>>> print(open('upload_26.cif').read())   # mmCIF, C-alpha atoms
data_structure
#
loop_
_atom_site.label_atom_id
_atom_site.label_comp_id
_atom_site.auth_asym_id
_atom_site.auth_seq_id
_atom_site.Cartn_x
_atom_site.Cartn_y
_atom_site.Cartn_z
CA MET A 1 -40.99 163.64 81.86
CA LEU A 2 -40.24 160.84 84.31
CA LYS A 3 -37.53 158.47 83.12
CA ASN A 4 -38.25 154.75 83.25
CA THR A 5 -35.61 152.20 84.26
CA HIS A 6 -35.82 148.43 83.80
CA HIS A 7 -33.37 145.83 85.09
CA TYR A 8 -32.64 142.32 83.82
CA GLU A 9 -30.50 140.29 86.19
CA GLN A 10 -28.86 136.89 86.15
CA THR A 11 -26.12 135.43 88.31
CA ALA A 12 -23.22 136.73 86.18
CA ALA A 13 -24.87 139.60 84.29
CA ARG A 14 -26.98 142.68 85.00
CA LEU A 15 -28.48 144.77 82.19
CA THR A 16 -30.12 148.14 82.84
CA VAL A 17 -31.99 150.22 80.25
CA GLU A 18 -33.33 153.74 80.67
CA GLY A 19 -35.70 155.75 78.55
CA VAL A 20 -39.04 157.46 78.21
CA PRO A 21 -42.32 156.63 76.46
CA ASP A 22 -42.74 157.73 72.87
CA LEU A 23 -45.73 160.05 73.19
CA SER A 24 -46.07 160.35 69.42
CA ALA A 25 -46.79 156.60 69.33
CA GLY A 26 -49.34 156.83 72.14
CA GLN A 27 -47.08 155.24 74.76
CA SER A 28 -47.33 156.02 78.45
CA GLY A 29 -46.70 154.61 81.90
CA ASP A 30 -43.58 152.50 82.34
CA ASN A 31 -43.07 151.96 78.62
CA ILE A 32 -39.79 152.82 76.92
CA GLY A 33 -40.11 153.96 73.33
CA ILE A 34 -37.03 156.17 73.31
CA LEU A 35 -33.88 154.61 74.76
CA SER A 36 -31.63 157.13 76.47
CA ALA A 37 -28.99 154.88 78.06
CA TRP A 38 -28.07 151.30 78.89
CA ARG A 39 -25.49 149.67 81.14
CA LEU A 40 -24.20 146.11 81.25
CA GLN A 41 -22.28 144.71 84.19
CA LEU A 42 -20.58 141.33 83.86
CA VAL A 43 -18.77 139.58 86.69
CA ALA A 44 -15.10 140.65 86.97
CA SER A 45 -15.49 143.01 83.98
CA PRO A 46 -15.78 146.79 83.65
CA GLU A 47 -19.25 148.24 83.21
CA LEU A 48 -20.28 148.67 79.59
CA GLU A 49 -22.51 151.44 78.29
CA GLY A 50 -23.34 153.15 75.04
CA THR A 51 -26.05 154.15 72.62
CA ARG A 52 -28.93 152.14 71.23
CA GLU A 53 -26.83 151.28 68.16
CA HIS A 54 -24.16 149.73 70.40
CA LEU A 55 -26.76 147.65 72.24
CA GLU A 56 -28.28 146.43 68.98
CA ALA A 57 -24.81 145.53 67.70
CA LEU A 58 -24.19 143.49 70.85
CA MET A 59 -27.51 141.67 70.50
CA SER A 60 -27.05 141.02 66.78
CA VAL A 61 -23.82 139.04 67.28
CA VAL A 62 -24.16 137.45 70.74
CA MET A 63 -27.58 135.85 70.23
CA PRO A 64 -26.88 134.05 66.89
CA TYR A 65 -23.45 133.06 68.21
CA ALA A 66 -25.04 131.39 71.23
CA ARG A 67 -27.61 129.64 69.00
CA HIS A 68 -24.82 128.18 66.85
CA GLN A 69 -22.92 127.10 69.96
CA LEU A 70 -25.98 125.17 71.16
CA SER A 71 -26.07 123.44 67.75
CA GLY A 72 -22.43 122.42 68.07
CA VAL A 73 -21.11 124.96 65.56
CA GLY A 74 -18.38 127.31 66.79
CA ARG A 75 -17.72 130.25 64.48
CA GLN A 76 -17.02 133.96 64.64
CA PHE A 77 -19.77 136.59 64.50
CA GLN A 78 -19.24 140.31 64.08
CA THR A 79 -21.12 143.40 62.98
CA ASP A 80 -20.59 144.86 59.53
CA ALA A 81 -18.55 147.73 60.95
CA GLY A 82 -16.63 145.40 63.25
CA PHE A 83 -17.64 147.22 66.44
CA VAL A 84 -18.60 143.97 68.18
CA THR A 85 -16.97 140.58 67.59
CA ILE A 86 -17.43 137.29 69.41
CA GLU A 87 -15.59 134.06 68.67
CA PRO A 88 -14.65 130.78 70.38
CA LEU A 89 -11.18 130.74 71.91
CA GLU A 90 -10.09 127.43 73.41
CA HIS A 91 -12.57 126.84 76.26
CA VAL A 92 -13.96 130.40 76.50
CA HIS A 93 -15.83 132.91 74.35
CA GLN A 94 -13.91 136.07 73.44
CA LEU A 95 -16.04 139.20 73.14
CA THR A 96 -14.30 142.23 71.61
CA LEU A 97 -15.86 145.70 71.71
CA ARG A 98 -14.42 148.52 69.61
CA SER A 99 -15.34 152.14 70.18
CA SER A 100 -16.48 154.39 67.36
CA LYS A 101 -14.20 157.09 68.80
CA GLU A 102 -10.62 157.29 67.58
CA GLY A 103 -7.80 156.59 70.00
CA VAL A 104 -9.83 154.24 72.23
CA GLU A 105 -8.34 150.77 72.63
CA PRO A 106 -10.64 147.78 72.01
CA LEU A 107 -12.04 146.09 75.10
CA THR A 108 -11.69 142.29 75.17
CA LEU A 109 -13.73 140.12 77.54
CA LYS A 110 -13.42 136.37 78.02
CA LEU A 111 -16.67 134.67 79.02
CA ASP A 112 -17.16 131.11 80.16
CA ASP A 113 -20.28 129.13 79.26
CA ALA A 114 -22.21 130.26 82.36
CA GLU A 115 -21.43 133.95 81.78
CA LEU A 116 -22.39 133.72 78.11
CA SER A 117 -25.64 131.99 79.06
CA ASP A 118 -26.51 134.72 81.59
CA LEU A 119 -25.70 137.45 79.07
CA VAL A 120 -27.95 135.83 76.46
CA ARG A 121 -30.80 135.51 78.98
CA CYS A 122 -30.58 139.21 79.84
CA LEU A 123 -30.57 140.26 76.19
CA ASP A 124 -33.43 137.90 75.38
CA ARG A 125 -35.55 139.18 78.28
CA LEU A 126 -34.98 142.73 77.05
CA ARG A 127 -35.95 141.78 73.50
CA LEU A 128 -39.19 140.11 74.66
CA ASP A 129 -40.15 142.73 77.26
CA GLN A 130 -43.46 144.30 76.22
CA ARG A 131 -42.64 147.43 78.21
CA VAL A 132 -39.68 148.19 75.93
CA GLN A 133 -41.45 149.07 72.70
CA LEU A 134 -38.49 149.56 70.42
CA ALA A 135 -38.32 148.40 66.82
CA TRP A 136 -35.08 146.44 67.10
CA THR A 137 -33.17 146.13 63.83
CA LEU A 138 -31.87 142.63 64.46
CA PRO A 139 -31.12 139.98 61.82
CA PRO A 140 -33.87 137.34 61.63
CA ASP A 141 -33.14 133.87 62.95
CA GLN A 142 -31.90 131.71 60.10
CA PRO A 143 -31.53 127.92 60.04
CA LEU A 144 -28.00 126.60 59.99
CA SER A 145 -26.48 126.58 56.53
CA ARG A 146 -25.47 123.34 54.83
CA HIS A 147 -21.82 124.24 55.38
CA ASP A 148 -22.41 124.68 59.13
CA LEU A 149 -24.29 121.38 59.32
CA VAL A 150 -21.36 119.61 57.64
CA GLU A 151 -18.80 121.33 59.85
CA ARG A 152 -20.53 120.10 63.01
CA ILE A 153 -19.81 116.47 62.01
CA PRO A 154 -16.39 115.35 63.31
CA LEU A 155 -13.76 114.65 60.66
CA ARG A 156 -13.48 111.05 61.80
CA ARG A 157 -17.16 110.44 61.10
CA ARG A 158 -17.17 112.58 57.95
CA PHE A 159 -14.32 110.73 56.20
CA GLY A 160 -14.26 107.43 58.09
CA ALA A 161 -16.77 105.53 55.96
CA PRO A 162 -15.33 106.60 52.55
CA LEU A 163 -11.79 105.77 53.69
CA LEU A 164 -12.81 102.35 54.97
CA GLY A 165 -14.69 101.67 51.75
CA GLY A 166 -11.71 102.66 49.63
CA LEU A 167 -9.36 100.58 51.77
CA ALA A 168 -11.58 97.52 51.44
CA LEU A 169 -11.75 97.97 47.66
CA ALA A 170 -7.96 98.34 47.38
CA THR A 171 -7.40 95.26 49.56
CA SER A 172 -9.74 93.21 47.39
CA ALA A 173 -7.88 94.32 44.24
CA VAL A 174 -4.47 93.38 45.70
CA VAL A 175 -5.70 89.97 46.82
CA ALA A 176 -7.15 89.35 43.36
CA LEU A 177 -3.78 90.14 41.75
CA ILE A 178 -1.79 87.90 44.10
CA LEU A 179 -3.92 84.78 44.11
CA PRO A 180 -3.69 82.70 40.89
CA LEU A 181 -6.83 82.13 38.97
CA PRO A 182 -8.07 78.52 39.07
CA GLY A 183 -7.37 76.52 35.87
CA PRO A 184 -10.06 74.88 33.77
CA GLU A 185 -11.44 71.69 35.21
CA VAL A 186 -10.36 68.50 33.38
CA PRO A 187 -13.19 65.99 33.11
CA PRO A 188 -12.26 62.53 34.46
CA ALA A 189 -11.29 59.91 31.85
CA SER A 190 -14.27 57.82 30.87
CA GLN A 191 -13.81 54.12 31.48
CA GLY A 192 -15.15 51.81 28.78
CA SER A 193 -17.71 49.37 30.04
CA VAL A 194 -16.79 45.71 29.53
CA GLU A 195 -19.71 43.57 28.62
CA ALA A 196 -19.78 40.10 30.01
CA PRO A 197 -19.88 37.43 27.34
CA ALA A 198 -23.29 36.13 26.71
CA ASN A 199 -24.00 32.64 28.02
CA PRO A 200 -24.22 30.18 25.12
CA GLU A 201 -27.67 28.93 24.67
CA SER A 202 -28.10 25.28 25.38
CA THR A 203 -28.80 23.33 22.18
CA GLU A 204 -30.78 20.24 21.95
CA ARG A 205 -28.89 17.27 20.94
#
>>> encode(input="upload_26.cif", output="structure tokens")
Amino acid sequence: MLKNTHHYEQTAARLTVEGVPDLSAGQSGDNIGILSAWRLQLVASPELEGTREHLEALMSVVMPYARHQLSGVGRQFQTDAGFVTIEPLEHVHQLTLRSSKEGVEPLTLKLDDAELSDLVRCLDRLRLDQRVQLAWTLPPDQPLSRHDLVERIPLRRRFGAPLLGGLALATSAVVALILPLPGPEVPPASQGSVEAPANPESTER
């Protein structure tokens, strides 16, 4: 059976998948229903290859990691078995790949924003390609958790308003303790009104 090969290229990444149609599912032509091999070439990095499980592990951590980065949340993502890990490291993204074979040292790649973006585009094009009819076992896209939404707010903004409010309240309390309370008002002394003597009435003589 003729093997099909599809390429997905960006400036800093090139992904190649190979396979054959799944005849039991009625596939034919240039479809790939059974993945036999894949290769990923990143700029200034060794060529990566592996099984379908390795490719799915790469997709399952890189794509949600990139989505969180776009939302301003930098956190580590890794597979359950720890074969693939990606995390922010200063101004780059550190991708660590561990082999399932014993005695093989982990491979660590450092990607800048452009390289990560090209890698995500290649993986996304593969996932959406109608010619590759594989049932990917990828985690569904989930909205950011409440914890992640809080973490994206800078500490200055998160605690600035409560601190200013507490400082204003404390200042008001100190001023109230220092300034003396005004005493009771003393009403002004009432002055008695002096009546002018009445004019004597003129009497007739």
>>> closest_residue(input="upload_26.cif", among="A:Glu18, A:Glu87, A:Asp112, A:Glu47", to="A:Ile32", atoms="only C-alpha atoms")
A:Glu18
>>> closest_residue(input="upload_26.cif", among="A:Leu2, A:Val62, A:Leu40, A:Ser28", to="A:Leu138", atoms="all atoms listed in the file")
A:Val62
>>> resolve_selection(input="upload_26.cif", expression="the PyMOL selection byres ((chain A and resi 55) around 10)", output="tab-separated table (two decimals) with C-alpha atoms, in the frame of the given file")
chain	number	residue	atom	x	y	z
A	17	VAL	CA	-31.99	150.22	80.25
A	37	ALA	CA	-28.99	154.88	78.06
A	38	TRP	CA	-28.07	151.30	78.89
A	39	ARG	CA	-25.49	149.67	81.14
A	40	LEU	CA	-24.20	146.11	81.25
A	48	LEU	CA	-20.28	148.67	79.59
A	49	GLU	CA	-22.51	151.44	78.29
A	50	GLY	CA	-23.34	153.15	75.04
A	51	THR	CA	-26.05	154.15	72.62
A	52	ARG	CA	-28.93	152.14	71.23
A	53	GLU	CA	-26.83	151.28	68.16
A	54	HIS	CA	-24.16	149.73	70.40
A	56	GLU	CA	-28.28	146.43	68.98
A	57	ALA	CA	-24.81	145.53	67.70
A	58	LEU	CA	-24.19	143.49	70.85
A	59	MET	CA	-27.51	141.67	70.50
A	60	SER	CA	-27.05	141.02	66.78
A	84	VAL	CA	-18.60	143.97	68.18
A	123	LEU	CA	-30.57	140.26	76.19
A	136	TRP	CA	-35.08	146.44	67.10
>>> atom_distance(input="upload_26.cif", atom1="atom CA of A:Ile34", atom2="atom CA of A:Leu134")
7.4 Å
>>> closest_residue(input="upload_26.cif", among="A:Ala25, A:Ala13, A:Leu42, A:Met63", to="A:Asp141", atoms="all atoms listed in the file")
A:Met63
>>> atom_distance(input="upload_26.cif", atom1="atom CA of A:Leu128", atom2="atom CA of A:Ser100")
27.8 Å
>>> closest_residue(input="upload_26.cif", among="A:Leu95, A:Leu89, A:Ala12, A:Ala81", to="A:Val43", atoms="all atoms listed in the file")
A:Ala12
>>> resolve_selection(input="upload_26.cif", expression="the PyMOL selection byres ((chain A and resi 96) around 7)", output="NGL selection string")
:A and (84-86 or 94-95 or 97-98 or 106-109)
